[in-house]
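Peer 1: Structure below; questions to follow.
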Amino acid sequence: MTEPAAVPLLSIRKLTKLFGTFAACNGIDLNIMPGEIHALLGENGAGKSTLVKMLFGVLAPTSGQIVWNGKPVTIPSPGDARHIGIGMVFQHFSLFEALTVAENIALSLDDNIPLSKVADEAAKLSKAYGLPLDPSAHVADLSVGERQRIEIVRALLQNPQLIILDEPTSVLTPQEADKLFETLDKLKSEGRSVLYISHRLEEVQRICDRATVLRHGKVTGACDPRQETPASLARMMVGAEVASVERDETQELGDVLLSARNLTVPARTPFAVTLKDISFEVKAGEVLAIAGVAGNGQGELFDALSGEFPQADRNSVSIRGVAAGHLGITDRRLLGAGFVPEERHGHAAVPALTLSENLLLARNQSDRNVFLSGGALGIIRHGTLTDAAKRISETMDVRKSAEDPPAGSLSGGNLQKFIVGRELDRQPSVLIVNQPTWGVDAGAASRIRQALVDLARNGSAVVVISQDLDEIFEVASRIAVISEGKLSAPFPAGDMNREKIGLLMGGMHEKNEGAEAADAH
Amino acid sequence: MIIEAILLTIITAATPLVISALGELVTERAGVLNLGVEGMMVMGAVSAFAATAITGSPYVGVVAGIVVGALFSLLFGFLTLTLVANQVATGLALTILGLGVSGMLGESFVGQPGIKLPQINIPLLADIPFLGPLLFKQDLIFYLSIALVIGVNWFLFKSRAGLKLRAVGDSHASAHALGIGVIRLRYLAVMFGGACAGLAGAQLSLIYTPQWTENMTAGRGWIALALVVFASWRPWRVLAGGYLFGAVTIGQLHAQALGVGIPSQFLSALPYAATVVVLVLISHNRRMTLINTPASLGKAFVPDR
């Protein structure tokens, strides 16, 4: 561990960032020692991103001091951050899709390195750290995992002393994450420091030497994560116990409410995935979780199930026994289905419209009699609408700044709670959710998961498409894996483990075993 | 020899399109949509003519066209980049303003005989039969147009500054996060676009028709804008497309003279129709769109400090 005499590589003193009167970071103190992997934990809106942006020169602190290698510094721009030895891998990748891998890397290097050399350097470095990359590929053609590798190689090329990683594993398979941890260990053994931001407590416990916990812009704890339990870490983050999801394992299953039969959808664009012969059934009372790495057809499957792109074959999707393959979203909603798409902004919600308006957009047909009056005129009943929005906000504990604020002003977790709540409020008999807790903090995630499980317990059929294995094990009664547009047979959750899912994710379908299991059910 | 004469007129008609479209291409590659090409071009035309008439040197006129075009674009830059005004509305206003101001400034020059930019013969190459008179007995602005195509292509795809410019046009937020001066680069790109439009205007009033008449750009700025899209933001395609559009313009005149039964309005609409076809083709292929179209085109950038 760290010796008391050692000089911290980075020392932050009373760092504060005000947005108007709102303190995103409020007097934060933090020390990072040379050669340590330091975790930064906190819920959404706790101030992690703001803090990191100040360290990387993207935001200017309102007050406070940053001390680097014992000397006070100001970091007016990302260029200056890189210059003193801070590298950053962003959560939302800061890559240029139209450019090649080598061009993307060249952009973050000093101007005196010739472009022709960058490709060679990048190839060499990516090999040394076990991060294979093709320098001449266009980023637009690459998977999320490959894009992250570019970010990491790009940061490493500048030989930084401190590397900041923002939610790095949220897009990786377990095997890819293991590789990343090996890379981080190698960096640590070279004496570099890592500031590791994550929601995933198990990961933090596995690889981090120390952890600093933020809540509401303040440091609420510093600890050795290995001495803590996930529950105690979560308590520090949330400030209260995080309820673990309760399930009733003895749930009686009812009729089949949702089924897909030989669902085959050709790719609509060169970047889309072709769905190949997908069949499954979901009964009343169960949660089918579909695991998989991003870009294996999850979005396409969701679109096909929700009716965003209806199919020619009307029997390919059935909702409550009615052939619905040819129907659009509204007609499927009228059959009693609810949908929560992946992108909160622009897909599940219109950021510029208020919460009540977003509620009406989703449910203006399925709850026509409730929210609209005047028959064909469709006059909006504002009172009923705002009451419903209020009810949903209260049930799901949506924290907001005003009575009925624009959706875009809510933090990701709070908006997601509202969007899920909007569907649950109808008590749909079929609910299909894509990445329900992507980028959502532990408290909100636990609330959303519990709500999904409760919905199934009350007799609905729920499909959860997720990349988060913790989530899948928490909510699923059965688990299937999607890989390259093919869906494995669903296995009972109790029979699955991470290794098995990982193998299925990699596309190595255990044909025989899968078929047997499918027969058995 | 009639073919040679027709080709010569096509080259003269195409040169201002190529130059102004190249300027706009650089501006748009940086993510800025400047619809004021027509206005900047006409300002370049009037100032080139006026400076030539006053000093007696068409070369001073060329410089004046470039400088005034760049200064006029600076107004657009200040409004859209510093004050974050809407780019489409500001660009349209710039065109209307340019047409009006140029008419006012040029009033006393209407009807005056102009001085044509002299022809420069390239030794030896000018003697090549057929090609020589077409390509090597030309004026300064024609040579500049070819040099600009080569230069812009090299700059965009081989130089680091060009890489930064494309990065800014692809994602200004990411570029800012990397420490690239987004606003500064965009100012430079807008001014390059203005300088090119001004140079194209100078070609109109010093070579194409060496005189000043109001609205003498006659919609060429709009053709240049269409040409950038037609060329899917690639310099060499701007050259090819510029000559194609130039040929259509000239063909329209000859068709009229020969009494061919195609309405001239149909021919003058052809460049725009061709642009629509190209847009449809590009949009159909998402990969083409991603790799060629500046993703942040027309979007305002405000750093959140």
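So you can find residues: chains in the structure tokens are A, B, ... in the order shown, residues in each start at 1, and ligands are numbered from 1 in order.
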Find the spatial neighbours of Pro114 of chain A, counting only C-alpha atoms, within a cut-off of 12 Å - ignore same-chain residues fewer than 2 positions away - and output them as a ChimeraX atom specification.

Peer 2: /A:102-103,105-107,109-112,116-121 /B:158-161

Peer 1: May I have the residues within 10 Å of Asn153 of chain B as a ChimeraX atom specification, using only C-alpha atoms and disregarding those fewer than 4 positions away in the same chain?

Peer 2: /B:22,26,147-149,157-159,162,234-236

Peer 1: Keeping only C-alpha atoms, write the selected residues as a PDB file, in the first residue's frame.

Peer 2:
ATOM      1  CA  LEU B  22     -13.917  24.479 -53.236  1.00  0.00           C
ATOM      2  CA  VAL B  26     -13.563  23.640 -46.912  1.00  0.00           C
ATOM      3  CA  ALA B 147      -3.744  24.602 -57.994  1.00  0.00           C
ATOM      4  CA  LEU B 148      -6.545  25.048 -55.448  1.00  0.00           C
ATOM      5  CA  VAL B 149      -8.049  21.632 -56.227  1.00  0.00           C
ATOM      6  CA  PHE B 157      -6.345  14.431 -46.574  1.00  0.00           C
ATOM      7  CA  LYS B 158      -2.579  14.648 -46.089  1.00  0.00           C
ATOM      8  CA  SER B 159      -1.900  17.453 -43.638  1.00  0.00           C
ATOM      9  CA  GLY B 162      -6.629  19.381 -42.589  1.00  0.00           C
ATOM     10  CA  ARG B 234     -14.445  15.696 -52.289  1.00  0.00           C
ATOM     11  CA  PRO B 235     -12.181  18.231 -54.082  1.00  0.00           C
ATOM     12  CA  TRP B 236     -11.534  16.204 -57.249  1.00  0.00           C
TER      13      TRP B 236
END

Peer 1: Can you tell me which residues surround segment 197-203 of chain A at a distance of at most 6 Å, considering only C-alpha atoms, apart from same-chain residues fewer than 2 positions away, and format the answer as a list in words?

Peer 2: Ala39, Leu40, Asp166, Glu167, Gln205, Arg206 and Pro230 of chain A

Peer 1: Would you save the residues from that selection as a compact mmCIF listing (two decimals), in the first residue's frame, using N, CA and C atoms?

Peer 2:
# COMPACT_ATOMS: atom_id res chain seq x y z
N ALA A 39 -10.40 4.14 -7.38
CA ALA A 39 -11.79 4.14 -7.87
C ALA A 39 -12.50 5.42 -7.46
N LEU A 40 -13.30 5.94 -8.37
CA LEU A 40 -14.17 7.06 -8.05
C LEU A 40 -15.60 6.55 -8.19
N ASP A 166 -13.50 6.36 -17.71
CA ASP A 166 -14.88 6.64 -17.30
C ASP A 166 -15.78 5.49 -17.73
N GLU A 167 -16.25 4.70 -16.79
CA GLU A 167 -17.17 3.58 -17.07
C GLU A 167 -16.67 2.68 -18.20
N GLN A 205 -13.91 -3.65 -6.51
CA GLN A 205 -13.29 -4.47 -5.46
C GLN A 205 -12.18 -5.33 -6.03
N ARG A 206 -12.35 -5.73 -7.26
CA ARG A 206 -11.41 -6.66 -7.86
C ARG A 206 -10.10 -5.97 -8.22
N PRO A 230 -19.98 -5.18 -1.37
CA PRO A 230 -20.73 -4.38 -2.34
C PRO A 230 -21.85 -3.61 -1.65

Peer 1: Find the nearest atom pair between each residue of chain B and chain A for residues within 12 Å, count only C-alpha atoms, give distances in Å to one decimal, sort rows by chain and ascending number, and present the table as CSV.

Peer 2:
residue,atom,partner,partner_atom,distance
B:Arg29,CA,A:Ala98,CA,11.2
B:Leu156,CA,A:Leu99,CA,11.7
B:Phe157,CA,A:Glu103,CA,9.9
B:Lys158,CA,A:Leu115,CA,8.1
B:Ser159,CA,A:Leu115,CA,7.9
B:Arg160,CA,A:Leu115,CA,7.2
B:Ala161,CA,A:Asp111,CA,9.1
B:Gly162,CA,A:Leu107,CA,10.6
B:Leu163,CA,A:Glu103,CA,7.2
B:Lys164,CA,A:Leu107,CA,6.7
B:Leu165,CA,A:Leu107,CA,10.4
B:Arg166,CA,A:Leu99,CA,8.2
B:Ala167,CA,A:Phe96,CA,6.3
B:Val168,CA,A:Phe96,CA,8.9
B:Gly169,CA,A:Phe96,CA,9.4
B:Asp170,CA,A:Phe96,CA,6.1
B:Ser171,CA,A:Phe96,CA,6.3
B:His172,CA,A:Phe96,CA,9.4
B:Ala173,CA,A:Ser94,CA,7.7
B:Ser174,CA,A:Ser94,CA,4.6
B:Ala175,CA,A:Ser94,CA,7.7
B:His176,CA,A:Val58,CA,8.1
B:Ala177,CA,A:Val58,CA,6.2
B:Leu178,CA,A:Pro78,CA,5.8
B:Gly179,CA,A:Gly79,CA,5.0
B:Ile180,CA,A:Gly79,CA,8.1
B:Gly181,CA,A:Ser77,CA,10.0
B:Ser283,CA,A:Thr269,CA,10.9
B:His284,CA,A:Thr269,CA,8.6
B:Asn285,CA,A:Thr269,CA,7.5
B:Arg286,CA,A:Thr269,CA,6.7
B:Arg287,CA,A:Pro270,CA,7.2
B:Met288,CA,A:Ala98,CA,9.4
B:Thr289,CA,A:Ala98,CA,8.8
B:Leu290,CA,A:Ala98,CA,5.6
B:Ile291,CA,A:Ala98,CA,4.2
B:Asn292,CA,A:Ala98,CA,6.8
B:Thr293,CA,A:Ala98,CA,8.1
B:Pro294,CA,A:Ala98,CA,8.0
B:Ala295,CA,A:Ala98,CA,8.2
B:Ser296,CA,A:Phe96,CA,10.8
B:Pro303,CA,A:Val58,CA,8.9
B:Asp304,CA,A:Leu59,CA,7.2
B:Arg305,CA,A:Leu59,CA,5.1

Peer 1: Would you save the residues of that selection, restricted to C-alpha atoms, as a PDB file, in the first residue's frame?

Peer 2:
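File produced: out20.pdb:
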ATOM      1  CA  ARG B  29     -15.809  20.239 -43.988  1.00  0.00           C
ATOM      2  CA  LEU B 156      -7.635  17.962 -46.236  1.00  0.00           C
ATOM      3  CA  PHE B 157      -6.345  14.431 -46.574  1.00  0.00           C
ATOM      4  CA  LYS B 158      -2.579  14.648 -46.089  1.00  0.00           C
ATOM      5  CA  SER B 159      -1.900  17.453 -43.638  1.00  0.00           C
ATOM      6  CA  ARG B 160      -2.446  17.507 -39.906  1.00  0.00           C
ATOM      7  CA  ALA B 161      -4.230  20.837 -40.023  1.00  0.00           C
ATOM      8  CA  GLY B 162      -6.629  19.381 -42.589  1.00  0.00           C
ATOM      9  CA  LEU B 163      -7.198  16.360 -40.360  1.00  0.00           C
ATOM     10  CA  LYS B 164      -8.101  18.705 -37.508  1.00  0.00           C
ATOM     11  CA  LEU B 165     -10.467  20.577 -39.794  1.00  0.00           C
ATOM     12  CA  ARG B 166     -12.252  17.357 -40.765  1.00  0.00           C
ATOM     13  CA  ALA B 167     -12.366  16.314 -37.106  1.00  0.00           C
ATOM     14  CA  VAL B 168     -14.041  19.605 -36.170  1.00  0.00           C
ATOM     15  CA  GLY B 169     -16.610  19.061 -38.910  1.00  0.00           C
ATOM     16  CA  ASP B 170     -17.261  15.484 -37.817  1.00  0.00           C
ATOM     17  CA  SER B 171     -17.774  16.120 -34.099  1.00  0.00           C
ATOM     18  CA  HIS B 172     -17.044  19.528 -32.627  1.00  0.00           C
ATOM     19  CA  ALA B 173     -17.620  18.320 -29.083  1.00  0.00           C
ATOM     20  CA  SER B 174     -15.017  15.566 -29.424  1.00  0.00           C
ATOM     21  CA  ALA B 175     -12.619  17.947 -31.148  1.00  0.00           C
ATOM     22  CA  HIS B 176     -13.006  20.417 -28.302  1.00  0.00           C
ATOM     23  CA  ALA B 177     -12.411  17.651 -25.773  1.00  0.00           C
ATOM     24  CA  LEU B 178      -9.140  16.898 -27.569  1.00  0.00           C
ATOM     25  CA  GLY B 179      -8.085  20.508 -27.262  1.00  0.00           C
ATOM     26  CA  ILE B 180      -8.593  21.571 -30.875  1.00  0.00           C
ATOM     27  CA  GLY B 181      -9.589  25.235 -31.201  1.00  0.00           C
ATOM     28  CA  SER B 283     -28.310   9.081 -48.248  1.00  0.00           C
ATOM     29  CA  HIS B 284     -29.196   5.580 -49.338  1.00  0.00           C
ATOM     30  CA  ASN B 285     -25.790   4.336 -48.285  1.00  0.00           C
ATOM     31  CA  ARG B 286     -25.233   5.039 -44.617  1.00  0.00           C
ATOM     32  CA  ARG B 287     -21.539   4.271 -44.803  1.00  0.00           C
ATOM     33  CA  MET B 288     -21.040   6.803 -47.625  1.00  0.00           C
ATOM     34  CA  THR B 289     -22.899   9.378 -45.577  1.00  0.00           C
ATOM     35  CA  LEU B 290     -20.905   8.710 -42.419  1.00  0.00           C
ATOM     36  CA  ILE B 291     -17.567   8.850 -44.108  1.00  0.00           C
ATOM     37  CA  ASN B 292     -18.160  11.791 -46.455  1.00  0.00           C
ATOM     38  CA  THR B 293     -20.722  14.125 -44.914  1.00  0.00           C
ATOM     39  CA  PRO B 294     -19.470  16.420 -42.145  1.00  0.00           C
ATOM     40  CA  ALA B 295     -21.643  15.136 -39.299  1.00  0.00           C
ATOM     41  CA  SER B 296     -21.828  18.444 -37.418  1.00  0.00           C
ATOM     42  CA  PRO B 303     -18.212  25.193 -25.347  1.00  0.00           C
ATOM     43  CA  ASP B 304     -19.652  24.476 -21.884  1.00  0.00           C
ATOM     44  CA  ARG B 305     -17.122  26.140 -19.663  1.00  0.00           C
TER      45      ARG B 305
END

Peer 1: Residues of segment 165-195 of chain A classed as strand (DSSP E) by DSSP on the backbone are to be reported as an MDAnalysis selection string.

Peer 2: chainID A and resid 165:166 193:195

Peer 1: Work out how far apart atom CA of Ser232 of chain A and atom CA of Phe418 of chain A are and give it in Å to one decimal.

Peer 2: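 These two atoms are separated by 27.3 Å.
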
Peer 1: Find the spatial neighbours of Ser108 of chain B, counting only C-alpha atoms, within a cut-off of 12 Å - ignore same-chain residues fewer than 3 positions away - and output them as a ChimeraX atom specification.

Peer 2: /B:46,49-50,53-54,102-105,111-113,211-214

Peer 1: Write a file of the selected residues as a PDB file, in the first residue's frame, keeping C-alpha atoms.

Peer 2:
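And here's out15.pdb as it stands now:
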ATOM      1  CA  VAL B  46     -17.845  44.360 -57.754  1.00  0.00           C
ATOM      2  CA  PHE B  49     -14.015  45.462 -61.049  1.00  0.00           C
ATOM      3  CA  ALA B  50     -13.851  48.692 -59.027  1.00  0.00           C
ATOM      4  CA  ALA B  53     -11.029  50.466 -62.826  1.00  0.00           C
ATOM      5  CA  ILE B  54      -9.395  52.715 -60.226  1.00  0.00           C
ATOM      6  CA  SER B 102     -22.775  45.373 -54.485  1.00  0.00           C
ATOM      7  CA  GLY B 103     -25.508  47.030 -56.548  1.00  0.00           C
ATOM      8  CA  MET B 104     -25.100  50.221 -54.550  1.00  0.00           C
ATOM      9  CA  LEU B 105     -21.297  50.272 -54.663  1.00  0.00           C
ATOM     10  CA  GLY B 111     -21.568  50.363 -68.445  1.00  0.00           C
ATOM     11  CA  GLN B 112     -17.867  51.164 -67.996  1.00  0.00           C
ATOM     12  CA  PRO B 113     -15.545  49.095 -70.200  1.00  0.00           C
ATOM     13  CA  GLN B 211     -17.702  44.563 -67.017  1.00  0.00           C
ATOM     14  CA  TRP B 212     -19.962  45.195 -64.041  1.00  0.00           C
ATOM     15  CA  THR B 213     -23.692  44.590 -64.099  1.00  0.00           C
ATOM     16  CA  GLU B 214     -25.913  44.233 -61.092  1.00  0.00           C
TER      17      GLU B 214
END

Peer 1: Write out as a PyMOL selection string all residues of segment 243-302 of chain B that DSSP puts in alpha helix (DSSP H) for this structure's backbone.

Peer 2: chain B and resi 243-258+264-284+286-292

Peer 1: Deliver the residues from the most recent selection as a file, using C-alpha atoms, as a JSON list (two decimals), in the first residue's frame.

Peer 2:
[["chain", "number", "residue", "atom", "x", "y", "z"],
["B", 243, "TYR", "CA", -16.92, 21.16, -65.52],
["B", 244, "LEU", "CA", -20.07, 19.09, -65.91],
["B", 245, "PHE", "CA", -22.23, 21.93, -64.58],
["B", 246, "GLY", "CA", -20.25, 24.41, -66.71],
["B", 247, "ALA", "CA", -20.86, 22.28, -69.79],
["B", 248, "VAL", "CA", -24.59, 22.20, -69.04],
["B", 249, "THR", "CA", -24.64, 26.01, -68.76],
["B", 250, "ILE", "CA", -22.84, 26.43, -72.09],
["B", 251, "GLY", "CA", -24.81, 23.64, -73.72],
["B", 252, "GLN", "CA", -27.94, 25.53, -72.82],
["B", 253, "LEU", "CA", -26.71, 28.60, -74.76],
["B", 254, "HIS", "CA", -25.66, 26.54, -77.80],
["B", 255, "ALA", "CA", -28.87, 24.55, -77.75],
["B", 256, "GLN", "CA", -30.81, 27.79, -77.87],
["B", 257, "ALA", "CA", -28.69, 29.12, -80.73],
["B", 258, "LEU", "CA", -29.06, 25.89, -82.70],
["B", 264, "SER", "CA", -33.52, 26.33, -71.70],
["B", 265, "GLN", "CA", -35.22, 26.34, -68.30],
["B", 266, "PHE", "CA", -34.95, 22.57, -68.26],
["B", 267, "LEU", "CA", -31.21, 22.72, -68.92],
["B", 268, "SER", "CA", -30.61, 25.38, -66.28],
["B", 269, "ALA", "CA", -32.44, 23.21, -63.77],
["B", 270, "LEU", "CA", -30.23, 20.21, -64.57],
["B", 271, "PRO", "CA", -27.44, 20.93, -62.05],
["B", 272, "TYR", "CA", -29.95, 21.03, -59.23],
["B", 273, "ALA", "CA", -31.70, 17.88, -60.42],
["B", 274, "ALA", "CA", -28.33, 16.13, -60.61],
["B", 275, "THR", "CA", -27.58, 17.26, -57.06],
["B", 276, "VAL", "CA", -30.84, 15.82, -55.79],
["B", 277, "VAL", "CA", -30.01, 12.50, -57.46],
["B", 278, "VAL", "CA", -26.57, 12.45, -55.82],
["B", 279, "LEU", "CA", -28.10, 13.32, -52.43],
["B", 280, "VAL", "CA", -30.51, 10.43, -52.75],
["B", 281, "LEU", "CA", -27.70, 8.07, -53.71],
["B", 282, "ILE", "CA", -25.52, 9.18, -50.79],
["B", 283, "SER", "CA", -28.31, 9.08, -48.25],
["B", 284, "HIS", "CA", -29.20, 5.58, -49.34],
["B", 286, "ARG", "CA", -25.23, 5.04, -44.62],
["B", 287, "ARG", "CA", -21.54, 4.27, -44.80],
["B", 288, "MET", "CA", -21.04, 6.80, -47.62],
["B", 289, "THR", "CA", -22.90, 9.38, -45.58],
["B", 290, "LEU", "CA", -20.90, 8.71, -42.42],
["B", 291, "ILE", "CA", -17.57, 8.85, -44.11],
["B", 292, "ASN", "CA", -18.16, 11.79, -46.45]]

Peer 1: Out of B:Gly106, B:Gly298, B:Gly91, B:Pro263, which residue has the shortest atom-to-atom distance to Leu74 of chain B when counting only C-alpha atoms?

Peer 2: B:Gly91

Peer 1: Could you please determine the separation between atom CA of Ala123 of chain A and atom CA of Val101 of chain A in Å, to one decimal place?

Peer 2: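 Atom CA of Ala123 of chain A sits 10.2 Å away from atom CA of Val101 of chain A.
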
Peer 1: Using only C-alpha atoms, which residues sit within 8 Å of segment 348-362 of chain A once same-chain residues fewer than 4 positions away are excluded, as JSON, numbers by chain?

Peer 2: {"A": [340, 341, 342, 343, 344, 371, 385, 386, 388, 389, 404, 405, 406, 407, 408, 409, 419, 422]}

Peer 1: Contacts of Val302 of chain B at 10 Å or less, counting only C-alpha atoms, minus same-chain residues fewer than 3 places along, as JSON, numbers by chain?

Peer 2: {"B": [81, 82, 83, 84, 172, 173, 182, 183, 299, 305]}

Peer 1: For a quick check of understanding, using only C-alpha atoms, which of A:Gly27, A:Ser477, A:Thr395, A:Glu182 has the smallest distance to Asp248 of chain A?

Peer 2: A:Ser477

Peer 1: Separation of atom CA of Ala24 of chain A and atom CA of Trp68 of chain A, in Å?

Peer 2: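 According to the coordinates, atom CA of Ala24 of chain A and atom CA of Trp68 of chain A are separated by 22.4 Å.
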
Peer 1: At a cut-off of 10 Å, using only C-alpha atoms, what residues contact Thr27 of chain B? Leave out same-chain residues fewer than 5 positions from it and give the result as a PyMOL selection string.

Peer 2: chain B and resi 21-22+32-34+165+169+185-194+297

Peer 1: Would you save the residues from that selection as a compact mmCIF listing (two decimals), in the first residue's frame, using C-alpha atoms?

Peer 2:
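selection.txt, freshly written:
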# COMPACT_ATOMS: atom_id res chain seq x y z
CA ALA B 21 -17.41 25.37 -54.49
CA LEU B 22 -13.92 24.48 -53.24
CA VAL B 32 -20.17 25.39 -41.09
CA LEU B 33 -22.93 25.80 -43.66
CA ASN B 34 -22.54 29.21 -45.32
CA LEU B 165 -10.47 20.58 -39.79
CA GLY B 169 -16.61 19.06 -38.91
CA LEU B 185 -10.50 26.71 -37.10
CA ARG B 186 -14.04 27.46 -38.17
CA TYR B 187 -13.26 31.16 -38.55
CA LEU B 188 -10.33 30.28 -40.80
CA ALA B 189 -12.45 27.85 -42.83
CA VAL B 190 -15.23 30.43 -43.25
CA MET B 191 -12.68 33.04 -44.38
CA PHE B 192 -11.13 30.63 -46.85
CA GLY B 193 -14.60 30.04 -48.24
CA GLY B 194 -15.15 33.79 -48.49
CA LEU B 297 -22.63 20.49 -40.54

Peer 1: Which residues of segment 216-296 of chain A sit at most 12 Å from segment 8-17 of chain A, using only C-alpha atoms? Give each one's shortest atom pair and distance in Å (one decimal place), in chain and ascending residue order, as CSV.

Peer 2:
residue,atom,partner,partner_atom,distance
A:Gly217,CA,A:Thr16,CA,8.6
A:Lys218,CA,A:Thr16,CA,9.4
A:Val219,CA,A:Lys14,CA,10.4

Peer 1: Return the single residue from B:Phe130, B:Tyr143, B:Phe301, B:Trp222 that is closest to Leu7 of chain B, with distances computed using only C-alpha atoms.

Peer 2: B:Phe130

Peer 1: Choose the residue, out of A:Met237, A:Val370, A:Val265, A:Ala444, that has the smallest atom-to-atom separation from Gly325 of chain A; count only C-alpha atoms.

Peer 2: A:Val265
